[in-house]
Structures are given as structure tokens and as C-alpha cells.
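Enquirer: Okay, so here is structure.txt, and as you'll see once you scroll down, it has compact mmCIF, C-alpha atoms.
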```txt
# COMPACT_ATOMS: atom_id res chain seq x y z
CA MET A 230 -20.49 -19.73 -13.69
CA PRO A 231 -18.23 -22.72 -14.43
CA ARG A 232 -19.41 -25.97 -12.91
CA ALA A 233 -16.03 -27.69 -12.56
CA ALA A 234 -14.75 -28.64 -9.10
CA PRO A 235 -13.32 -25.70 -7.09
CA TRP A 236 -9.73 -26.97 -6.83
CA PRO A 237 -8.66 -26.73 -10.49
CA ARG A 238 -10.18 -23.24 -10.67
CA LEU A 239 -8.42 -22.21 -7.49
CA TRP A 240 -5.15 -23.62 -8.85
CA ARG A 241 -5.55 -21.63 -12.07
CA GLY A 242 -5.90 -18.42 -10.11
CA PHE A 243 -2.90 -19.38 -8.00
CA ARG A 244 -0.70 -20.05 -11.02
CA ALA A 245 -1.78 -16.91 -12.86
CA THR A 246 -0.66 -14.80 -9.88
CA LEU A 247 2.80 -16.35 -9.36
CA PRO A 248 4.68 -13.71 -11.43
CA LEU A 249 3.38 -11.06 -9.02
CA THR A 250 4.38 -13.20 -6.06
CA LEU A 251 7.98 -12.67 -7.21
CA SER A 252 7.63 -8.90 -7.01
CA VAL A 253 5.93 -9.07 -3.60
CA ALA A 254 8.59 -11.29 -2.00
CA PRO A 255 11.44 -8.74 -1.59
CA PHE A 256 8.94 -6.17 -0.37
CA GLY A 257 7.82 -8.62 2.32
CA LEU A 258 11.42 -9.33 3.30
CA ALA A 259 12.05 -5.61 3.67
CA TYR A 260 8.82 -5.22 5.67
CA GLY A 261 9.91 -8.00 8.04
CA ALA A 262 13.28 -6.30 8.48
CA VAL A 263 11.77 -2.88 9.20
CA ALA A 264 9.13 -4.37 11.49
CA SER A 265 11.74 -6.18 13.57
CA GLN A 266 13.21 -2.78 14.52
CA GLY A 267 10.07 -1.72 16.35
CA MET A 268 8.22 -4.88 17.40
CA ALA A 269 8.61 -8.54 18.25
CA PRO A 270 8.77 -11.08 15.37
CA TRP A 271 5.40 -12.54 16.37
CA GLN A 272 3.87 -9.08 16.12
CA ALA A 273 5.35 -8.58 12.65
CA GLN A 274 3.75 -11.90 11.71
CA LEU A 275 0.44 -10.99 13.34
CA MET A 276 0.33 -7.84 11.23
CA SER A 277 1.01 -9.84 8.04
CA LEU A 278 -1.75 -12.32 8.91
CA THR A 279 -4.41 -9.84 9.97
CA VAL A 280 -3.67 -6.61 8.08
CA PHE A 281 -2.22 -8.25 4.93
CA ALA A 282 -1.68 -5.01 3.00
CA GLY A 283 1.98 -4.41 2.13
CA THR A 284 2.23 -0.65 1.83
CA ALA A 285 0.18 0.07 4.95
CA GLN A 286 2.13 -2.54 6.91
CA PHE A 287 5.43 -1.08 5.74
CA ILE A 288 4.50 2.47 6.67
CA ALA A 289 2.95 1.46 10.00
CA ALA A 290 6.01 -0.63 10.86
CA SER A 291 8.45 2.18 10.03
CA MET A 292 6.36 4.72 11.97
CA ILE A 293 6.29 2.40 14.98
CA ALA A 294 10.07 1.92 14.67
CA GLN A 295 10.46 5.72 14.75
CA GLY A 296 8.29 5.90 17.86
CA ALA A 297 5.28 7.67 16.32
CA ALA A 298 2.07 8.18 18.32
CA TYR A 299 -0.57 5.43 18.00
CA LEU A 300 -3.47 7.30 16.45
CA PRO A 301 -1.58 8.78 13.47
CA VAL A 302 -0.16 5.31 12.69
CA LEU A 303 -3.64 3.80 12.73
CA LEU A 304 -5.19 6.58 10.65
CA THR A 305 -2.36 6.64 8.11
CA GLY A 306 -2.66 2.89 7.64
CA VAL A 307 -6.42 3.05 7.19
CA LEU A 308 -6.14 6.02 4.79
CA ILE A 309 -3.60 4.17 2.65
CA ASN A 310 -5.96 1.20 2.53
CA MET A 311 -8.91 3.32 1.44
CA ARG A 312 -8.30 2.12 -2.09
CA LEU A 313 -9.46 -1.33 -0.96
CA VAL A 314 -13.00 0.05 -0.76
CA LEU A 315 -12.93 0.81 -4.47
CA MET A 316 -11.32 -2.51 -5.37
CA SER A 317 -13.75 -4.44 -3.20
CA ALA A 318 -16.67 -2.64 -4.84
CA ALA A 319 -15.26 -3.37 -8.31
CA ILE A 320 -14.62 -7.07 -7.66
CA THR A 321 -18.01 -7.68 -6.01
CA PRO A 322 -19.98 -8.55 -9.17
CA HIS A 323 -17.36 -11.18 -10.07
CA VAL A 324 -17.24 -12.99 -6.73
CA LYS A 325 -20.73 -12.61 -5.28
CA SER A 326 -21.77 -16.04 -6.59
CA ALA A 327 -19.56 -17.55 -3.85
CA PRO A 328 -21.26 -19.01 -0.74
CA ARG A 329 -21.78 -16.18 1.75
CA ARG A 330 -19.65 -17.94 4.37
CA LEU A 331 -16.67 -17.42 2.03
CA TYR A 332 -17.18 -13.63 1.88
CA PRO A 333 -14.83 -12.99 4.84
CA VAL A 334 -12.12 -15.09 3.15
CA ILE A 335 -12.56 -13.28 -0.16
CA ALA A 336 -12.46 -9.91 1.60
CA GLN A 337 -9.29 -10.72 3.54
CA LEU A 338 -7.48 -11.95 0.38
CA LEU A 339 -8.06 -8.71 -1.52
CA THR A 340 -4.80 -6.99 -2.53
CA ASP A 341 -3.66 -4.79 -5.42
CA GLU A 342 -1.97 -7.81 -7.00
CA SER A 343 -4.88 -10.28 -6.86
CA PHE A 344 -7.28 -7.54 -7.87
CA ALA A 345 -5.24 -6.74 -10.98
CA VAL A 346 -4.77 -10.39 -12.01
CA SER A 347 -8.41 -11.34 -11.40
CA MET A 348 -9.93 -8.31 -13.13
CA ALA A 349 -7.76 -9.01 -16.17
CA GLU A 350 -8.94 -12.64 -16.12
CA PHE A 351 -12.63 -11.77 -15.74
CA GLU A 352 -12.49 -9.49 -18.75
CA ARG A 353 -11.67 -12.47 -20.95
CA ARG A 354 -13.26 -15.42 -19.12
CA PRO A 355 -16.32 -15.97 -16.92
CA SER A 356 -16.29 -14.56 -13.40
CA ASP A 357 -15.15 -17.11 -10.82
CA PRO A 358 -14.75 -16.58 -7.07
CA TRP A 359 -12.49 -19.64 -6.84
CA PHE A 360 -10.06 -18.11 -9.30
CA PHE A 361 -9.93 -15.03 -7.07
CA ILE A 362 -9.38 -17.10 -3.92
CA GLY A 363 -6.53 -18.99 -5.63
CA SER A 364 -5.02 -15.70 -6.72
CA GLY A 365 -5.30 -14.32 -3.19
CA LEU A 366 -3.61 -17.38 -1.70
CA ALA A 367 -0.69 -17.02 -4.15
CA ILE A 368 0.06 -13.71 -2.40
CA PHE A 369 -1.08 -14.55 1.14
CA ILE A 370 1.00 -17.70 1.72
CA PRO A 371 4.33 -16.35 0.36
CA TRP A 372 3.70 -13.07 2.22
CA GLN A 373 3.65 -14.98 5.52
CA ILE A 374 6.87 -16.82 4.67
CA VAL A 375 8.87 -13.74 3.61
CA THR A 376 7.61 -11.84 6.65
CA ALA A 377 9.02 -14.55 8.91
CA LEU A 378 12.33 -14.58 7.00
CA GLY A 379 12.60 -10.78 7.03
CA ALA A 380 11.82 -10.57 10.74
CA ALA A 381 14.32 -13.34 11.54
CA PHE A 382 17.24 -12.31 9.34
CA GLY A 383 16.51 -8.72 8.29
CA ALA A 384 18.22 -7.22 11.33
CA SER A 385 21.37 -9.23 10.65
CA LEU A 386 21.73 -7.94 7.10
CA PRO A 387 24.83 -5.73 7.04
CA ALA A 388 24.41 -1.95 6.83
CA GLY A 389 25.40 -0.25 3.60
CA TRP A 390 23.15 -2.41 1.40
CA GLY A 391 20.67 0.40 1.12
CA LEU A 392 17.98 -1.61 2.89
CA GLU A 393 16.70 1.58 4.54
CA TYR A 394 15.75 2.65 1.05
CA ALA A 395 13.48 -0.33 0.37
CA LEU A 396 10.42 1.58 1.59
CA PRO A 397 10.90 4.87 -0.28
CA GLY A 398 12.07 2.90 -3.33
CA SER A 399 8.89 0.82 -3.40
CA LEU A 400 6.69 3.82 -2.60
CA ILE A 401 8.04 5.68 -5.62
CA CYS A 402 6.81 2.92 -7.92
CA LEU A 403 3.50 2.45 -6.08
CA VAL A 404 2.75 6.14 -6.56
CA PHE A 405 3.27 5.66 -10.29
CA LEU A 406 0.98 2.62 -10.28
CA LEU A 407 -1.76 4.23 -8.20
CA VAL A 408 -1.88 7.70 -9.73
CA ARG A 409 -3.63 7.52 -13.07
CA GLY A 410 -4.39 10.58 -15.18
CA ARG A 411 -3.39 14.24 -15.08
CA ARG A 412 -5.90 15.37 -12.46
CA ALA A 413 -4.89 12.56 -10.06
CA ALA A 414 -1.21 13.43 -10.61
CA LEU A 415 -1.84 17.11 -9.86
CA ILE A 416 -3.87 16.27 -6.77
CA SER A 417 -1.11 13.95 -5.52
CA LEU A 418 1.52 16.65 -6.09
CA LEU A 419 -0.72 19.11 -4.27
CA ALA A 420 -1.08 16.72 -1.34
CA ALA A 421 2.72 16.29 -1.22
CA GLY A 422 3.29 20.06 -1.29
CA LEU A 423 0.58 20.78 1.26
CA SER A 424 1.93 18.15 3.65
CA LEU A 425 5.31 19.92 3.59
CA LEU A 426 3.74 23.37 4.04
CA LEU A 427 1.55 22.17 6.90
CA ARG A 428 4.44 20.60 8.81
CA PRO A 429 5.28 23.68 10.91
CA ILE A 430 1.58 24.04 11.85
CA VAL A 431 0.41 20.44 12.36
CA SER A 432 3.12 18.03 13.38
CA GLY A 433 4.26 14.78 11.78
CA THR A 434 1.75 12.44 10.21
CA TRP A 435 -1.20 14.70 10.84
CA SER A 436 0.10 16.99 8.12
CA THR A 437 0.05 14.04 5.69
CA MET A 438 -3.57 13.28 6.46
CA ALA A 439 -4.78 16.87 6.51
CA ALA A 440 -3.05 17.46 3.16
CA THR A 441 -4.63 14.31 1.69
CA VAL A 442 -8.16 15.19 2.76
CA VAL A 443 -7.83 18.79 1.52
CA ALA A 444 -6.24 17.80 -1.80
CA ALA A 445 -8.72 15.00 -2.58
CA SER A 446 -11.66 17.25 -1.72
CA LEU A 447 -10.27 20.00 -3.96
CA GLY A 448 -9.91 17.41 -6.71
CA VAL A 449 -13.58 16.45 -6.39
CA ALA A 450 -14.67 20.11 -6.29
CA TRP A 451 -12.54 20.93 -9.31
CA LYS A 452 -14.08 18.13 -11.37
CA ARG A 453 -17.63 19.18 -10.44
CA TRP A 454 -16.85 22.82 -11.22
CA GLN A 455 -15.38 21.83 -14.60
CA SER A 456 -18.33 19.67 -15.55
CA ARG A 457 -20.68 22.57 -14.73
CA SER A 458 -18.91 25.25 -16.74
CA MET B 224 5.91 1.61 22.38
CA GLU B 225 5.15 -1.16 24.77
CA THR B 226 4.15 -4.61 23.56
CA MET B 227 0.48 -4.41 24.49
CA ALA B 228 -0.02 -1.05 22.79
CA VAL B 229 1.65 -2.24 19.59
CA THR B 230 -0.48 -5.40 19.57
CA LEU B 231 -3.66 -3.35 19.99
CA LEU B 232 -2.51 -0.99 17.25
CA ILE B 233 -1.94 -3.95 14.88
CA LEU B 234 -5.38 -5.37 15.67
CA GLY B 235 -6.97 -1.94 15.22
CA LEU B 236 -5.34 -1.53 11.83
CA ALA B 237 -6.43 -5.08 10.95
CA LEU B 238 -10.04 -4.36 11.91
CA GLY B 239 -10.10 -1.07 9.97
CA THR B 240 -8.56 -2.70 6.90
CA TYR B 241 -10.94 -5.66 7.09
CA LEU B 242 -13.96 -3.36 7.22
CA LEU B 243 -12.68 -1.50 4.14
CA ARG B 244 -12.44 -4.82 2.34
CA VAL B 245 -15.66 -6.47 3.49
CA LEU B 246 -18.19 -3.62 3.59
CA PRO B 247 -18.35 -2.96 -0.15
CA LEU B 248 -18.59 -6.71 -0.76
CA THR B 249 -21.61 -7.08 1.53
CA VAL B 250 -23.22 -3.63 1.27
CA LEU B 251 -22.23 -2.04 -2.01
CA SER B 252 -23.43 -5.08 -3.93
CA ARG B 253 -26.86 -3.47 -3.34
CA VAL B 254 -26.17 0.26 -2.92
CA THR B 255 -24.07 2.46 -5.24
CA LEU B 256 -21.95 5.29 -3.80
CA PRO B 257 -22.62 8.76 -5.22
CA GLU B 258 -20.19 9.68 -7.96
CA TRP B 259 -18.38 12.35 -5.94
CA ALA B 260 -17.71 9.84 -3.14
CA GLN B 261 -16.27 7.33 -5.60
CA ASP B 262 -14.17 10.10 -7.09
CA TRP B 263 -12.90 11.15 -3.64
CA LEU B 264 -12.03 7.57 -2.70
CA GLY B 265 -10.19 7.20 -5.98
CA LEU B 266 -7.98 10.23 -5.30
CA VAL B 267 -7.10 9.40 -1.70
CA PRO B 268 -4.62 6.51 -2.11
CA GLY B 269 -2.35 8.34 -4.57
CA ALA B 270 -2.52 11.55 -2.54
CA VAL B 271 -1.71 9.92 0.78
CA LEU B 272 1.18 7.97 -0.75
CA ALA B 273 2.58 11.06 -2.47
CA ALA B 274 2.33 13.04 0.78
CA SER B 275 4.04 10.39 2.88
CA LEU B 276 6.70 10.00 0.19
CA ALA B 277 7.34 13.76 0.26
CA GLN B 278 7.77 13.57 4.04
CA THR B 279 10.14 10.61 3.72
CA LEU B 280 12.32 12.16 1.02
CA LEU B 281 12.32 15.83 1.98
CA VAL B 282 12.13 15.89 5.78
CA ARG B 283 15.32 14.92 7.59
CA GLU B 284 15.47 15.19 11.37
CA GLU B 285 12.27 17.24 11.52
CA HIS B 286 13.53 19.82 9.00
CA LEU B 287 12.93 20.43 5.33
CA ALA B 288 16.09 19.21 3.58
CA LEU B 289 16.27 20.52 0.03
CA SER B 290 19.98 19.98 -0.47
CA TRP B 291 22.34 17.89 -2.55
CA ARG B 292 23.55 16.35 0.70
CA ASN B 293 20.14 14.75 1.21
CA THR B 294 20.96 11.24 -0.01
CA TYR B 295 17.30 10.17 0.38
CA LEU B 296 16.26 12.80 -2.16
CA LEU B 297 19.15 12.11 -4.57
CA ALA B 298 18.57 8.35 -4.59
CA ALA B 299 14.95 9.06 -5.55
CA ILE B 300 16.03 10.43 -8.95
CA PRO B 301 17.11 7.08 -10.50
CA ALA B 302 14.21 5.36 -8.72
CA PHE B 303 11.72 7.80 -10.27
CA LEU B 304 13.20 7.23 -13.72
CA VAL B 305 13.00 3.44 -13.35
CA ALA B 306 9.43 3.63 -12.01
CA TRP B 307 8.38 5.90 -14.86
CA ARG B 308 9.99 3.65 -17.48
CA THR B 309 9.20 0.17 -16.14
CA ARG B 310 6.33 0.45 -13.60
CA ASN B 311 8.12 -2.42 -11.88
CA VAL B 312 8.14 -2.29 -8.06
CA VAL B 313 11.12 -4.62 -7.62
CA LEU B 314 13.32 -2.83 -10.16
CA THR B 315 12.41 0.56 -8.68
CA MET B 316 13.14 -0.62 -5.16
CA LEU B 317 16.49 -2.14 -6.18
CA SER B 318 17.60 0.92 -8.15
CA GLY B 319 16.73 3.18 -5.22
CA MET B 320 18.57 0.93 -2.78
CA ALA B 321 21.64 0.70 -5.05
CA ALA B 322 21.74 4.48 -5.56
CA TYR B 323 21.30 5.08 -1.83
CA ALA B 324 24.04 2.61 -0.88
CA LEU B 325 26.38 4.18 -3.44
CA LEU B 326 25.62 7.78 -2.42
CA GLN B 327 26.21 7.01 1.24
CA ARG B 328 29.74 5.94 0.36
CA VAL B 329 30.40 9.03 -1.75
CA ILE B 330 28.75 11.83 0.23
```
For this file, write the structure as C-alpha cells.

Expert:
Amino acid sequence: MPRAAPWPRLWRGFRATLPLTLSVAPFGLAYGAVASQGMAPWQAQLMSLTVFAGTAQFIAASMIAQGAAYLPVLLTGVLINMRLVLMSAAITPHVKSAPRRLYPVIAQLLTDESFAVSMAEFERRPSDPWFFIGSGLAIFIPWQIVTALGAAFGASLPAGWGLEYALPGSLICLVFLLVRGRRAALISLLAAGLSLLLRPIVSGTWSTMAATVVAASLGVAWKRWQSRS
Amino acid sequence: METMAVTLLILGLALGTYLLRVLPLTVLSRVTLPEWAQDWLGLVPGAVLAASLAQTLLVREEHLALSWRNTYLLAAIPAFLVAWRTRNVVLTMLSGMAAYALLQRVI
């Protein structure tokens, strides 16, 4: 572990993450705009501070704006964030040298972006929790600012700019980034198809979750069956 | 939804998300999940995103809308191409928004 003072190491992580900050900013603006349709600006900000997970925030905010029931919103958000479990597990060996009192901070700063930047860094240089914290802050701080801007001015953006399409547009790319490999792609397609088929039987978001659980379980079963035969 | 309910929902989502982030860091540093559980967790995010995307693009006003008048679906075509080619969230988002704005004027 490097012995230099924390600040330069934190700053290095911060700087290395700035290119991704640029891609997160419009997403945060759009989130703020969508959120302001269904909740007060301070609530949009509270969600950015405490949840701090763009895709889940975006989907939760749009579901709330459409008047969805509470439990499906909560479960959908948590399901989308399930990937954090895997990322947290993967980053653990690289950050566990940090003082234990910093564990809550490290956990809260975990996002797809900081995870990607830090893992790339730790493949080439020694593991460093301060680098990760700097990287996390480079997303966290701008995320708060663009949320406030989106919530304040998003509603006043004129219609016809296609802002309603910010969520599906971003989702399309996130699916590409998250789904790796042929089996994962097939399972995701299956989940999409199942969710549409299940709609007449189980309403709204429940069909999304039921389809996800069934498809992911089938994916696991398929892999086990293949490795046996 | 009333203010109190939305606030509780936000805090609930925050708590759930925090646990997902912090538990592996504190627990899994000692215990390893069985392989099938890791595999399952790995498949869930893509599947749930794909399913909610399908609902967003293909369900209009509670009905399956497989038609050329569904501007949500049509605007997804350029967005998919950009995502496939660039893997860039901003470019994908902007191309989808531009296509959607354009289609709304035409259709």
C-alpha cells in the first residue's frame, strides 16, 4: 500500500474519473427533470444523496411520476441495484486496507463509473482505497449539482426536445454495457419477452420482476445443466 | 403519492441500496458466495433492465404497441445502433432524444 499522504491519492482518483463525470452529468439533469414531475425538489435531492445510483433513481422517479404503487417501485429499484453486490464484492480486496470507519463512505460511493475506473487502475498499480474514494467523489459531487439543476430547470425546458426519451435512450446503452456474453444476452431477451407475456396475468412492474427472477434462474439452471452434460 | 409516502419510499430505497453496497464489503471479505449465487446475481441487472426497457418501449397506455406509430419503439432503432457501435451513454441518449423529437413532428 502506498505510504504517501491521502490527499494526492484521492486527487488522482478524482482526476482519473472526470471523463466519466461528463457522461453522468446529462443523465443527472434528466433525472432531476423527471423527478420534479412526481416529487418536491428537496426529495429529488434526498434521493440523489442517499440512493446515489442513477439508473435506479431514474426508474423510481419515473414510476413515481406515473403514480405507481410503492412496493413495486422499491423492489424494482433494489433489483436494479443488485449488481452493486457483485461490484462491492469485487472491489473489497482493493479497499479493505482502509480504516473500518471509512467503510460506510466507500460503500456509499460505489457506482458503475467509479468501479470501472478503479478496477482498471488497480490492475496496473497498487490497490488504494483513497484512489477509490477520490473516484467516487468525482461522481458524487457533480451528481448532486446536476440533480439540483435538473429539478430546478428541467420542468421549464420546452416540450419537443425529446427529453421524455432521456430515460429509454440511456437504458438502451446501459443494457449494452451490463449484458456481457451470449448467455446473458439470451437471458435478458428472455426476461424482456416474459415480462411482456406476463403483463395480462400480473400487472405492471410485477411482471418485470417475475420475468427477471424466472429468466435469471433459468440462466443458472442452463449453465449447470450444460456443465454436467 | 403524498409527500410522506414518497419520502419513506426514497429512504427505503436508500437503505436497500446501502445494504447491497456495504454487506459484501463487510461480510464477503470473509465468506465467498456459492458459484450459482454469483452467477444469478450477475444475470439479474441485465435482465431487469431489458425487461423494464421492453415495458417502456412496447407498452403504450397499458397495451402492447407493436406498430410503426409507436414513436418510442421507432426512436429506439437509431439509439440501439449507436449503443452497439459506441457503447457511449451520452451519445445513445442524445440520438434517441433527437430521433424521438423528430418522429413526434413527423408522425

Enquirer: Between CA of Ser446 (chain A) and CA of Leu266 (chain B), what distance in Å does the model show, to one decimal?

Expert: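 Distance reported for this atom pair: 8.7 Å.
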
Enquirer: If we count all atoms listed in the file and set the cut-off at 10 Å, which residues sit around Ala450 (chain A), ignoring sequence neighbours fewer than 6 positions away in its own chain? Please answer as a PyMOL selection string.

Expert: (chain A and resi 444+456) or (chain B and resi 259+263)

Enquirer: Mind listing as a ChimeraX atom specification which residues of chain B are within 6 Å of chain A, counting all atoms listed in the file?

Expert: /B:233,236-237,243-245,247-248,263,266-271,273-274,277,306,312-313,315-316,319-320,323-324

Enquirer: Quote the spacing between CA of Ser318 (chain B) and CA of His286 (chain B) in Å to one decimal place.

Expert: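 That distance, rounded to one decimal, is 25.8 Å.
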
Enquirer: Using all atoms listed in the file, which residues sit within 9 Å of Leu378 (chain A) once same-chain residues fewer than 2 positions away are excluded, as a compact mmCIF listing (two decimals) with C-alpha atoms, in the coordinates of the input?

Expert:
```
# COMPACT_ATOMS: atom_id res chain seq x y z
CA GLY A 257 7.82 -8.62 2.32
CA LEU A 258 11.42 -9.33 3.30
CA GLY A 261 9.91 -8.00 8.04
CA ALA A 262 13.28 -6.30 8.48
CA GLN A 373 3.65 -14.98 5.52
CA ILE A 374 6.87 -16.82 4.67
CA VAL A 375 8.87 -13.74 3.61
CA THR A 376 7.61 -11.84 6.65
CA ALA A 380 11.82 -10.57 10.74
CA ALA A 381 14.32 -13.34 11.54
CA PHE A 382 17.24 -12.31 9.34
CA GLY A 383 16.51 -8.72 8.29
```

Enquirer: Identify, on the basis of all atoms listed in the file, every residue whose closest approach to Leu296 (chain B) does not exceed 6 Å; exclude the query and any residue fewer than 3 positions from it along the same chain; express the result as a CSV table (one decimal) with C-alpha atoms, in the coordinates of the input.

Expert:
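Wrote out08.csv, looks like this:
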```csv
chain,number,residue,atom,x,y,z
B,280,LEU,CA,12.3,12.2,1.0
B,293,ASN,CA,20.1,14.8,1.2
B,299,ALA,CA,15.0,9.1,-5.6
```

Enquirer: List the spatial neighbours of Leu249 (chain A) as a PyMOL selection string - criterion: any atom at most 9 Å away, only C-alpha atoms, same-chain residues fewer than 4 positions off excluded.

Expert: chain A and resi 245+253-254+342-343+346+367-368

Enquirer: Output as a compact mmCIF listing (two decimals), in the frame of the given file: region 254-288 of chain B, completed with N, CA and C atoms.

Expert:
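Below is the file out-v2.txt, written as the result:
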```txt
# COMPACT_ATOMS: atom_id res chain seq x y z
N VAL B 254 -26.11 -1.20 -2.82
CA VAL B 254 -26.17 0.26 -2.92
C VAL B 254 -24.99 0.76 -3.75
N THR B 255 -25.18 1.84 -4.51
CA THR B 255 -24.07 2.46 -5.24
C THR B 255 -23.72 3.79 -4.58
N LEU B 256 -22.41 4.02 -4.36
CA LEU B 256 -21.95 5.29 -3.80
C LEU B 256 -22.21 6.40 -4.80
N PRO B 257 -22.51 7.63 -4.29
CA PRO B 257 -22.62 8.76 -5.22
C PRO B 257 -21.29 8.97 -5.94
N GLU B 258 -21.38 9.58 -7.11
CA GLU B 258 -20.19 9.68 -7.96
C GLU B 258 -19.06 10.46 -7.30
N TRP B 259 -19.43 11.54 -6.57
CA TRP B 259 -18.38 12.35 -5.94
C TRP B 259 -17.64 11.54 -4.88
N ALA B 260 -18.35 10.66 -4.18
CA ALA B 260 -17.71 9.84 -3.14
C ALA B 260 -16.74 8.84 -3.77
N GLN B 261 -17.16 8.26 -4.88
CA GLN B 261 -16.27 7.33 -5.60
C GLN B 261 -15.03 8.07 -6.09
N ASP B 262 -15.26 9.28 -6.58
CA ASP B 262 -14.17 10.10 -7.09
C ASP B 262 -13.19 10.42 -5.96
N TRP B 263 -13.73 10.80 -4.81
CA TRP B 263 -12.90 11.15 -3.64
C TRP B 263 -12.07 9.95 -3.20
N LEU B 264 -12.74 8.80 -3.10
CA LEU B 264 -12.03 7.57 -2.70
C LEU B 264 -10.93 7.22 -3.69
N GLY B 265 -11.17 7.51 -4.96
CA GLY B 265 -10.19 7.20 -5.98
C GLY B 265 -8.95 8.07 -5.89
N LEU B 266 -9.12 9.30 -5.38
CA LEU B 266 -7.98 10.23 -5.30
C LEU B 266 -7.15 10.03 -4.04
N VAL B 267 -7.77 9.50 -3.00
CA VAL B 267 -7.10 9.40 -1.70
C VAL B 267 -5.82 8.55 -1.69
N PRO B 268 -5.84 7.33 -2.24
CA PRO B 268 -4.62 6.51 -2.11
C PRO B 268 -3.38 7.15 -2.71
N GLY B 269 -3.50 7.70 -3.93
CA GLY B 269 -2.35 8.34 -4.57
C GLY B 269 -1.89 9.55 -3.78
N ALA B 270 -2.86 10.33 -3.28
CA ALA B 270 -2.52 11.55 -2.54
C ALA B 270 -1.82 11.22 -1.23
N VAL B 271 -2.33 10.24 -0.51
CA VAL B 271 -1.71 9.92 0.78
C VAL B 271 -0.32 9.32 0.59
N LEU B 272 -0.15 8.53 -0.47
CA LEU B 272 1.18 7.97 -0.75
C LEU B 272 2.17 9.06 -1.15
N ALA B 273 1.70 9.98 -2.02
CA ALA B 273 2.58 11.06 -2.47
C ALA B 273 2.99 11.92 -1.28
N ALA B 274 2.03 12.20 -0.38
CA ALA B 274 2.33 13.04 0.78
C ALA B 274 3.32 12.34 1.72
N SER B 275 3.11 11.04 1.96
CA SER B 275 4.04 10.39 2.88
C SER B 275 5.41 10.21 2.23
N LEU B 276 5.42 10.07 0.90
CA LEU B 276 6.70 10.00 0.19
C LEU B 276 7.45 11.33 0.30
N ALA B 277 6.72 12.44 0.15
CA ALA B 277 7.34 13.76 0.26
C ALA B 277 7.97 13.93 1.64
N GLN B 278 7.24 13.47 2.67
CA GLN B 278 7.77 13.57 4.04
C GLN B 278 9.04 12.71 4.19
N THR B 279 9.00 11.51 3.60
CA THR B 279 10.14 10.61 3.72
C THR B 279 11.38 11.16 3.02
N LEU B 280 11.18 11.73 1.83
CA LEU B 280 12.32 12.16 1.02
C LEU B 280 12.84 13.54 1.42
N LEU B 281 11.94 14.42 1.83
CA LEU B 281 12.32 15.83 1.98
C LEU B 281 12.48 16.28 3.42
N VAL B 282 12.00 15.48 4.37
CA VAL B 282 12.13 15.89 5.78
C VAL B 282 13.17 14.99 6.45
N ARG B 283 14.26 15.63 6.87
CA ARG B 283 15.32 14.92 7.59
C ARG B 283 15.43 15.53 8.97
N GLU B 284 15.37 14.71 9.99
CA GLU B 284 15.47 15.19 11.37
C GLU B 284 14.58 16.39 11.62
N GLU B 285 13.30 16.24 11.24
CA GLU B 285 12.27 17.24 11.52
C GLU B 285 12.44 18.54 10.74
N HIS B 286 13.37 18.58 9.77
CA HIS B 286 13.53 19.82 9.00
C HIS B 286 13.47 19.54 7.51
N LEU B 287 12.97 20.53 6.77
CA LEU B 287 12.93 20.43 5.33
C LEU B 287 14.36 20.40 4.80
N ALA B 288 14.70 19.36 4.02
CA ALA B 288 16.09 19.21 3.58
C ALA B 288 16.17 19.20 2.06
```
